[in-house]
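Asks: If it helps, the file is called upload-v1.pdb and holds PDB, C-alpha atoms, pLDDT in the B column:
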```pdb
ATOM      1  CA  MET E  46      14.739  -4.700  -4.193  1.00 94.00           C
ATOM      2  CA  ILE E  47      12.538  -3.962  -1.208  1.00 96.00           C
ATOM      3  CA  ALA E  48       8.779  -4.238  -1.785  1.00 98.00           C
ATOM      4  CA  CYS E  49       6.198  -2.503   0.374  1.00 98.00           C
ATOM      5  CA  THR E  50       2.444  -2.124   0.217  1.00 98.00           C
ATOM      6  CA  PHE E  51      -0.117  -0.028   2.068  1.00 97.00           C
ATOM      7  CA  ALA E  52      -3.357  -0.754   3.934  1.00 97.00           C
ATOM      8  CA  GLY E  53      -5.539   1.805   5.599  1.00 94.00           C
ATOM      9  CA  HIS E  54      -9.122   2.751   6.255  1.00 87.00           C
ATOM     10  CA  ARG E  55     -10.980   4.635   3.555  1.00 85.00           C
ATOM     11  CA  GLU E  56     -11.031   7.795   5.680  1.00 86.00           C
ATOM     12  CA  LEU E  57      -8.237   9.144   7.856  1.00 82.00           C
ATOM     13  CA  ARG E  58      -9.446  10.286  11.239  1.00 76.00           C
ATOM     14  CA  ARG E  59      -6.129  11.544  12.528  1.00 75.00           C
ATOM     15  CA  ALA E  60      -4.110  14.677  11.842  1.00 77.00           C
ATOM     16  CA  GLY E  61      -0.410  14.517  11.117  1.00 83.00           C
ATOM     17  CA  MET E  62      -0.502  11.332   9.054  1.00 89.00           C
ATOM     18  CA  GLU E  63       1.531  12.861   6.225  1.00 92.00           C
ATOM     19  CA  GLY E  64       4.468  13.357   8.564  1.00 93.00           C
ATOM     20  CA  LEU E  65       4.212   9.829   9.960  1.00 93.00           C
ATOM     21  CA  VAL E  66       4.092   8.303   6.470  1.00 96.00           C
ATOM     22  CA  GLY E  67       7.109  10.399   5.481  1.00 97.00           C
ATOM     23  CA  ILE E  68       9.103   9.190   8.486  1.00 95.00           C
ATOM     24  CA  ALA E  69       8.183   5.557   7.807  1.00 96.00           C
ATOM     25  CA  LEU E  70       9.172   5.815   4.142  1.00 97.00           C
ATOM     26  CA  GLU E  71      12.472   7.516   5.045  1.00 97.00           C
ATOM     27  CA  ARG E  72      13.231   4.617   7.349  1.00 96.00           C
ATOM     28  CA  LEU E  73      12.531   2.127   4.569  1.00 96.00           C
ATOM     29  CA  LEU E  74      14.645   4.098   2.103  1.00 97.00           C
ATOM     30  CA  THR E  75      17.717   3.646   4.302  1.00 96.00           C
ATOM     31  CA  MET E  76      17.551  -0.133   3.772  1.00 97.00           C
ATOM     32  CA  ASP E  77      18.370  -0.365   0.058  1.00 96.00           C
ATOM     33  CA  ASP E  78      18.678   1.568  -3.210  1.00 97.00           C
ATOM     34  CA  SER E  79      15.827  -0.139  -5.073  1.00 98.00           C
ATOM     35  CA  PHE E  80      12.162  -0.123  -4.038  1.00 98.00           C
ATOM     36  CA  CYS E  81       8.775  -1.174  -5.335  1.00 98.00           C
ATOM     37  CA  PHE E  82       5.671   0.249  -3.680  1.00 98.00           C
ATOM     38  CA  TYR E  83       2.287  -1.352  -4.405  1.00 98.00           C
ATOM     39  CA  ALA E  84      -0.760   0.841  -3.853  1.00 97.00           C
ATOM     40  CA  GLY E  85      -4.445   0.024  -4.093  1.00 95.00           C
ATOM     41  CA  GLY E  86      -5.434   3.663  -4.567  1.00 90.00           C
ATOM     42  CA  MET E  87      -8.854   3.260  -2.959  1.00 90.00           C
ATOM     43  CA  GLY E  88      -8.866   5.428   0.135  1.00 89.00           C
ATOM     44  CA  GLU E  89      -7.335   8.496   1.732  1.00 93.00           C
ATOM     45  CA  PHE E  90      -4.461   6.525   3.252  1.00 95.00           C
ATOM     46  CA  ASP E  91      -3.532   4.919  -0.091  1.00 95.00           C
ATOM     47  CA  ARG E  92      -3.570   8.296  -1.841  1.00 94.00           C
ATOM     48  CA  LEU E  93      -1.525   9.897   0.949  1.00 96.00           C
ATOM     49  CA  CYS E  94       1.068   7.113   0.698  1.00 97.00           C
ATOM     50  CA  ALA E  95       1.245   7.442  -3.101  1.00 97.00           C
ATOM     51  CA  ARG E  96       1.799  11.221  -2.873  1.00 96.00           C
ATOM     52  CA  THR E  97       4.492  10.707  -0.261  1.00 97.00           C
ATOM     53  CA  VAL E  98       6.275   8.081  -2.375  1.00 98.00           C
ATOM     54  CA  CYS E  99       6.282  10.577  -5.274  1.00 97.00           C
ATOM     55  CA  ARG E 100       7.866  13.228  -3.035  1.00 97.00           C
ATOM     56  CA  LYS E 101      10.455  10.754  -1.736  1.00 98.00           C
ATOM     57  CA  ARG E 102      11.339   9.835  -5.324  1.00 96.00           C
ATOM     58  CA  GLN E 103      12.158  13.514  -5.985  1.00 96.00           C
ATOM     59  CA  GLN E 104      14.142  13.796  -2.731  1.00 97.00           C
ATOM     60  CA  HIS E 105      16.160  10.638  -3.505  1.00 98.00           C
ATOM     61  CA  PRO E 106      16.999  10.770  -7.228  1.00 96.00           C
ATOM     62  CA  GLY E 107      19.820   8.245  -6.779  1.00 96.00           C
ATOM     63  CA  LYS E 108      17.435   5.527  -5.637  1.00 98.00           C
ATOM     64  CA  HIS E 109      15.280   3.404  -7.913  1.00 98.00           C
ATOM     65  CA  ILE E 110      11.715   3.875  -6.594  1.00 98.00           C
ATOM     66  CA  GLU E 111       8.733   2.387  -8.432  1.00 98.00           C
ATOM     67  CA  LEU E 112       5.114   3.094  -7.545  1.00 98.00           C
ATOM     68  CA  LEU E 113       2.611   0.619  -8.977  1.00 98.00           C
ATOM     69  CA  LEU E 114      -1.165   0.881  -8.839  1.00 97.00           C
ATOM     70  CA  VAL E 115      -2.679  -2.574  -8.373  1.00 97.00           C
ATOM     71  CA  GLU E 116      -6.276  -2.754  -9.529  1.00 93.00           C
ATOM     72  CA  PRO E 117      -8.565  -5.673  -8.633  1.00 92.00           C
ATOM     73  CA  TYR E 118     -10.272  -5.649 -12.059  1.00 90.00           C
ATOM     74  CA  MET E 119     -10.734  -3.546 -15.167  1.00 88.00           C
ATOM     75  CA  HIS E 120     -13.219  -0.702 -14.745  1.00 80.00           C
ATOM     76  CA  LYS E 121     -14.378   2.402 -16.564  1.00 79.00           C
ATOM     77  CA  GLY E 122     -12.272   4.716 -14.395  1.00 78.00           C
ATOM     78  CA  LEU E 123      -9.091   3.198 -15.782  1.00 78.00           C
ATOM     79  CA  ASN E 124     -10.176   4.097 -19.300  1.00 73.00           C
ATOM     80  CA  ASP E 125     -11.327   7.569 -18.278  1.00 79.00           C
ATOM     81  CA  CYS E 126      -8.415   8.473 -15.982  1.00 80.00           C
ATOM     82  CA  GLY E 127      -5.599   6.218 -17.179  1.00 73.00           C
ATOM     83  CA  ARG E 128      -3.347   9.046 -18.384  1.00 79.00           C
ATOM     84  CA  ALA E 129      -3.798  11.007 -15.163  1.00 85.00           C
ATOM     85  CA  LEU E 130      -3.043   7.894 -13.109  1.00 88.00           C
ATOM     86  CA  LEU E 131       0.128   7.268 -15.102  1.00 89.00           C
ATOM     87  CA  ALA E 132       1.281  10.767 -14.135  1.00 89.00           C
ATOM     88  CA  ILE E 133       1.397   9.442 -10.542  1.00 92.00           C
ATOM     89  CA  TYR E 134       2.045   5.707 -10.916  1.00 95.00           C
ATOM     90  CA  ASP E 135       4.779   4.089 -12.968  1.00 96.00           C
ATOM     91  CA  GLU E 136       2.467   1.302 -14.010  1.00 95.00           C
ATOM     92  CA  ILE E 137      -1.093   0.066 -13.509  1.00 94.00           C
ATOM     93  CA  ILE E 138      -1.398  -3.678 -13.081  1.00 95.00           C
ATOM     94  CA  ILE E 139      -4.261  -6.129 -12.731  1.00 94.00           C
ATOM     95  CA  PRO E 140      -2.833  -9.433 -11.486  1.00 94.00           C
ATOM     96  CA  MET E 141      -3.845 -12.433 -13.611  1.00 93.00           C
ATOM     97  CA  GLN E 142      -4.655 -14.392 -10.439  1.00 89.00           C
ATOM     98  CA  LEU E 143      -7.608 -12.060  -9.870  1.00 88.00           C
ATOM     99  CA  SER E 144      -9.247 -12.762 -13.225  1.00 85.00           C
ATOM    100  CA  THR E 145     -11.279 -15.638 -11.771  1.00 88.00           C
ATOM    101  CA  CYS E 146     -12.488 -13.705  -8.706  1.00 88.00           C
ATOM    102  CA  HIS E 147     -16.031 -12.494  -8.393  1.00 90.00           C
ATOM    103  CA  TYR E 148     -15.880  -8.699  -8.387  1.00 85.00           C
ATOM    104  CA  LYS E 149     -17.174  -8.550  -4.792  1.00 88.00           C
ATOM    105  CA  ALA E 150     -14.219 -10.667  -3.616  1.00 94.00           C
ATOM    106  CA  ALA E 151     -11.624  -9.090  -5.908  1.00 94.00           C
ATOM    107  CA  ILE E 152     -10.554  -6.252  -3.607  1.00 94.00           C
ATOM    108  CA  ARG E 153      -9.766  -8.625  -0.758  1.00 96.00           C
ATOM    109  CA  ALA E 154      -7.926 -10.931  -3.174  1.00 96.00           C
ATOM    110  CA  ARG E 155      -5.997  -7.943  -4.569  1.00 97.00           C
ATOM    111  CA  ASN E 156      -4.953  -6.908  -1.053  1.00 97.00           C
ATOM    112  CA  ARG E 157      -3.714 -10.426  -0.345  1.00 97.00           C
ATOM    113  CA  TRP E 158      -1.821 -10.443  -3.646  1.00 97.00           C
ATOM    114  CA  MET E 159      -0.054  -7.218  -2.681  1.00 98.00           C
ATOM    115  CA  VAL E 160       0.894  -8.622   0.746  1.00 98.00           C
ATOM    116  CA  ASP E 161       2.139 -11.833  -0.888  1.00 97.00           C
ATOM    117  CA  HIS E 162       4.487  -9.773  -3.070  1.00 97.00           C
ATOM    118  CA  CYS E 163       5.843  -7.538  -0.309  1.00 97.00           C
ATOM    119  CA  ARG E 164       8.129  -7.780   2.685  1.00 97.00           C
ATOM    120  CA  PHE E 165       6.727  -4.652   4.366  1.00 98.00           C
ATOM    121  CA  LEU E 166       3.218  -3.376   5.048  1.00 97.00           C
ATOM    122  CA  LEU E 167       2.754   0.256   6.008  1.00 97.00           C
ATOM    123  CA  ALA E 168      -0.703   0.481   7.576  1.00 96.00           C
ATOM    124  CA  TYR E 169      -3.100   2.768   9.339  1.00 94.00           C
ATOM    125  CA  VAL E 170      -5.547   0.457  11.111  1.00 94.00           C
ATOM    126  CA  ASP E 171      -7.206   1.804  14.257  1.00 90.00           C
ATOM    127  CA  ARG E 172     -10.249  -0.482  14.520  1.00 90.00           C
ATOM    128  CA  PRO E 173     -10.652  -4.261  14.493  1.00 92.00           C
ATOM    129  CA  TYR E 174     -12.873  -4.638  11.424  1.00 93.00           C
ATOM    130  CA  GLY E 175     -12.965  -3.845   7.731  1.00 93.00           C
ATOM    131  CA  GLY E 176     -10.786  -4.549   4.743  1.00 94.00           C
ATOM    132  CA  ALA E 177      -7.695  -2.775   6.078  1.00 95.00           C
ATOM    133  CA  TYR E 178      -7.908  -4.792   9.284  1.00 96.00           C
ATOM    134  CA  ASP E 179      -8.286  -8.042   7.311  1.00 97.00           C
ATOM    135  CA  THR E 180      -5.215  -7.119   5.244  1.00 97.00           C
ATOM    136  CA  LEU E 181      -3.218  -6.341   8.385  1.00 96.00           C
ATOM    137  CA  ARG E 182      -4.159  -9.695   9.933  1.00 97.00           C
ATOM    138  CA  TYR E 183      -3.242 -11.499   6.727  1.00 98.00           C
ATOM    139  CA  ALA E 184       0.140  -9.748   6.609  1.00 97.00           C
ATOM    140  CA  ARG E 185       0.860 -10.781  10.187  1.00 96.00           C
ATOM    141  CA  SER E 186       0.014 -14.396   9.330  1.00 96.00           C
ATOM    142  CA  ARG E 187       2.531 -14.236   6.466  1.00 94.00           C
ATOM    143  CA  ASP E 188       5.382 -12.960   8.645  1.00 87.00           C
ATOM    144  CA  THR E 189       5.360  -9.644   6.808  1.00 96.00           C
ATOM    145  CA  ILE E 190       6.991  -6.754   8.652  1.00 96.00           C
ATOM    146  CA  VAL E 191       4.157  -4.404   9.607  1.00 95.00           C
ATOM    147  CA  TRP E 192       4.293  -0.794  10.669  1.00 94.00           C
ATOM    148  CA  ASN E 193       0.830   0.218  11.836  1.00 94.00           C
ATOM    149  CA  LEU E 194       0.956   3.998  12.127  1.00 93.00           C
ATOM    150  CA  ALA E 195      -2.095   3.900  14.364  1.00 89.00           C
ATOM    151  CA  LYS E 196       0.126   2.066  16.879  1.00 79.00           C
ATOM    152  CA  ARG E 197       3.487   3.632  15.872  1.00 57.00           C
ATOM    153  CA  PHE E 198       5.708   0.586  16.048  1.00 51.00           C
ATOM    154  CA  TRP E 199       7.256  -2.035  13.770  1.00 49.00           C
ATOM    155  CA  GLN E 200       5.967  -5.544  14.216  1.00 53.00           C
ATOM    156  CA  ARG E 201       6.846  -8.812  12.559  1.00 57.00           C
ATOM    157  CA  GLY E 202       3.914 -11.119  11.795  1.00 57.00           C
ATOM    158  CA  SER E 203       2.755 -13.743  14.302  1.00 47.00           C
TER     159      SER E 203
END
```
Here is a file; write its structure as structure tokens.
Replies:
Amino acid sequence: MIACTFAGHRELRRAGMEGLVGIALERLLTMDDSFCFYAGGMGEFDRLCARTVCRKRQQHPGKHIELLLVEPYMHKGLNDCGRALLAIYDEIIIPMQLSTCHYKAAIRARNRWMVDHCRFLLAYVDRPYGGAYDTLRYARSRDTIVWNLAKRFWQRGS
């Protein structure tokens, strides 16, 4: 099974991202028949990636494609919107390792958890600061294969 996660800025400042994400996912889907995609669901890029994974699942019914929402902690929105989220995601998980994190550090810890459980990171990082940038740097330090759509090339970590 191939595992992939996403990291991107809260707001997309570039047109045509849907097409780029689709091309990147198609490339991944040629590598195996079983996939697990971890999404944080917090910004425009995460939501775009989740929608695209759902479309790819319909286009490739012979492949096993899971889409998991990884939350940093329990919050009211999960109770209020859980059913709607499960219409998009196969499962909602809160990793046990995050239970000891202070809530202000939990998002960063969640992002690291997702990178630790993936071989690929599909990113949109166009500036050298912020949570998406920190996640990209962490992935590179872990020898994760990174495709930063802001740069348009595959890159293996350091």
Asks: State, in Å with one decimal place, the distance from atom CA of Tyr169 of chain E to atom CA of Ala95 of chain E.
Replies: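 Separation between atom CA of Tyr169 of chain E and atom CA of Ala95 of chain E: 14.0 Å.
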Asks: E:Phe165, E:Phe90, E:Trp158, E:Tyr134: which is nearest Met46 of chain E, counting only C-alpha atoms?
Replies: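 The shortest atom-to-atom distance to Met46 of chain E comes from E:Phe165.
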Asks: To one decimal place in Å, what is the distance between atom CA of Thr50 of chain E and atom CA of Pro117 of chain E?
Replies: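 Going from atom CA of Thr50 of chain E over to atom CA of Pro117 of chain E covers 14.6 Å.
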Asks: What residues have an atom no more than 12 Å from (-8.2, 2.2, 13.7) in the file's own frame, counting only C-alpha atoms, and can you write them as a PyMOL selection string?
Replies: chain E and resi 52-59+90+168-178+181+193-197
Asks: Tell me, as a PyMOL selection string, which residues lie within 10 Å of Ile138 of chain E, counting all atoms listed in the file; anything in the same chain fewer than 3 positions away does not count.
Replies: chain E and resi 83+113-119+135+141
Asks: For Ala184 of chain E, find every residue with an atom within 12 Å (counting all atoms listed in the file), except residues of its own chain fewer than 2 positions away, and show them as number ranges by chain.
Replies: E: 49-52, 156-168, 177-182, 186-193, 200-203
Asks: Would you work out the distance separating atom CA of Glu63 of chain E from atom CA of Arg153 of chain E, expressed in Å to one decimal?
Replies: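 Separation of atom CA of Glu63 of chain E and atom CA of Arg153 of chain E: 25.3 Å.
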Asks: What residues come out when you apply the PyMOL selection byres ((chain E and resi 100) around 12) to this file, written as a PyMOL selection string?
Replies: chain E and resi 63+66-67+70-71+93-99+101-106+110+112+133
Asks: When you count all atoms listed in the file, which of these residues is closest to Ile152 of chain E: E:Cys126, E:Ala132, E:Ile137, E:Met87?
Replies: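 The shortest atom-to-atom distance to Ile152 of chain E comes from E:Met87.
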Asks: List as an MDAnalysis selection string the residues having at least one atom at most 6 Å from position (15.8, 3.4, -4.3) as given in the file, counting all atoms listed in the file.
Replies: chainID E and resid 78:80 108:110
Asks: Given only C-alpha atoms as the basis, pick out the residue of E:Arg155, E:Lys149, E:Arg128, E:Arg185 nearest to Gly86 of chain E.
Replies: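 Result for the nearest residue to Gly86 of chain E: E:Arg155.
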Asks: Choose the residue, out of E:Ile47, E:Phe82, E:Ile68, E:Asn124, that has the smallest atom-to-atom separation from Glu136 of chain E; count all atoms listed in the file.
Replies: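 Nearest candidate to Glu136 of chain E out of E:Ile47, E:Phe82, E:Ile68, E:Asn124: E:Phe82.
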Asks: With 8 Å of padding per side, what axis-aligned box (centre and edge lengths, Å, one decimal) covers all the listed atoms of segment 123-136 of chain E? Give it as JSON.
Replies:
```
{"center_x": -3.3, "center_y": 6.2, "center_z": -14.9, "size_x": 32.1, "size_y": 25.7, "size_z": 24.8}
```
Asks: Provide segment 64-85 of chain E of the preceding structure as a file containing N, CA, C and O atoms, as a short mmCIF file (atom, residue, chain, number, x, y, z; two decimals), in the first residue's frame.
Replies:
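The result, written out as decode_15.cif:
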```cif
data_model
loop_
_atom_site.label_atom_id
_atom_site.label_comp_id
_atom_site.auth_asym_id
_atom_site.auth_seq_id
_atom_site.Cartn_x
_atom_site.Cartn_y
_atom_site.Cartn_z
N GLY E 64 -6.10 20.99 -11.44
CA GLY E 64 -5.48 20.20 -12.50
C GLY E 64 -4.14 19.63 -12.09
O GLY E 64 -3.82 18.47 -12.37
N LEU E 65 -3.33 20.43 -11.40
CA LEU E 65 -2.02 19.96 -10.95
C LEU E 65 -2.15 18.83 -9.92
O LEU E 65 -1.41 17.85 -9.97
N VAL E 66 -3.09 18.98 -8.99
CA VAL E 66 -3.32 17.92 -8.00
C VAL E 66 -3.79 16.65 -8.71
O VAL E 66 -3.33 15.55 -8.40
N GLY E 67 -4.67 16.79 -9.68
CA GLY E 67 -5.15 15.63 -10.44
C GLY E 67 -4.02 14.91 -11.16
O GLY E 67 -3.94 13.66 -11.14
N ILE E 68 -3.13 15.64 -11.76
CA ILE E 68 -1.98 15.04 -12.46
C ILE E 68 -1.08 14.32 -11.47
O ILE E 68 -0.63 13.19 -11.72
N ALA E 69 -0.81 14.95 -10.34
CA ALA E 69 0.06 14.32 -9.33
C ALA E 69 -0.57 13.04 -8.80
O ALA E 69 0.12 12.01 -8.66
N LEU E 70 -1.87 13.06 -8.52
CA LEU E 70 -2.52 11.85 -8.01
C LEU E 70 -2.56 10.75 -9.07
O LEU E 70 -2.37 9.57 -8.75
N GLU E 71 -2.77 11.11 -10.32
CA GLU E 71 -2.73 10.11 -11.40
C GLU E 71 -1.37 9.44 -11.45
O GLU E 71 -1.26 8.23 -11.63
N ARG E 72 -0.33 10.23 -11.29
CA ARG E 72 1.02 9.66 -11.31
C ARG E 72 1.22 8.68 -10.16
O ARG E 72 1.77 7.60 -10.34
N LEU E 73 0.75 9.04 -8.98
CA LEU E 73 0.83 8.13 -7.84
C LEU E 73 0.03 6.85 -8.10
O LEU E 73 0.48 5.76 -7.76
N LEU E 74 -1.15 7.00 -8.67
CA LEU E 74 -2.03 5.85 -8.87
C LEU E 74 -1.48 4.83 -9.86
O LEU E 74 -1.96 3.70 -9.91
N THR E 75 -0.45 5.20 -10.63
CA THR E 75 0.17 4.23 -11.52
C THR E 75 1.14 3.31 -10.78
O THR E 75 1.58 2.30 -11.34
N MET E 76 1.47 3.63 -9.53
CA MET E 76 2.51 2.92 -8.80
C MET E 76 2.03 1.66 -8.08
O MET E 76 2.84 0.83 -7.71
N ASP E 77 0.74 1.54 -7.83
CA ASP E 77 0.23 0.41 -7.06
C ASP E 77 -1.28 0.32 -7.25
O ASP E 77 -1.87 1.13 -7.98
N ASP E 78 -1.91 -0.65 -6.57
CA ASP E 78 -3.36 -0.79 -6.62
C ASP E 78 -4.03 -0.45 -5.29
O ASP E 78 -5.24 -0.50 -5.17
N SER E 79 -3.23 -0.12 -4.28
CA SER E 79 -3.75 0.13 -2.94
C SER E 79 -3.11 1.40 -2.37
O SER E 79 -1.89 1.52 -2.34
N PHE E 80 -3.96 2.31 -1.92
CA PHE E 80 -3.49 3.64 -1.48
C PHE E 80 -4.20 4.09 -0.21
O PHE E 80 -5.38 3.81 -0.01
N CYS E 81 -3.47 4.82 0.61
CA CYS E 81 -4.03 5.47 1.78
C CYS E 81 -3.60 6.93 1.74
O CYS E 81 -2.40 7.23 1.69
N PHE E 82 -4.56 7.82 1.72
CA PHE E 82 -4.29 9.25 1.71
C PHE E 82 -4.71 9.84 3.06
O PHE E 82 -5.85 9.65 3.50
N TYR E 83 -3.77 10.52 3.72
CA TYR E 83 -4.04 11.18 4.99
C TYR E 83 -4.23 12.66 4.73
O TYR E 83 -3.37 13.30 4.11
N ALA E 84 -5.33 13.22 5.21
CA ALA E 84 -5.60 14.64 5.03
C ALA E 84 -5.85 15.30 6.38
O ALA E 84 -6.46 14.70 7.27
N GLY E 85 -5.39 16.53 6.50
CA GLY E 85 -5.62 17.30 7.72
C GLY E 85 -6.91 18.09 7.67
O GLY E 85 -7.47 18.45 8.69
#
```
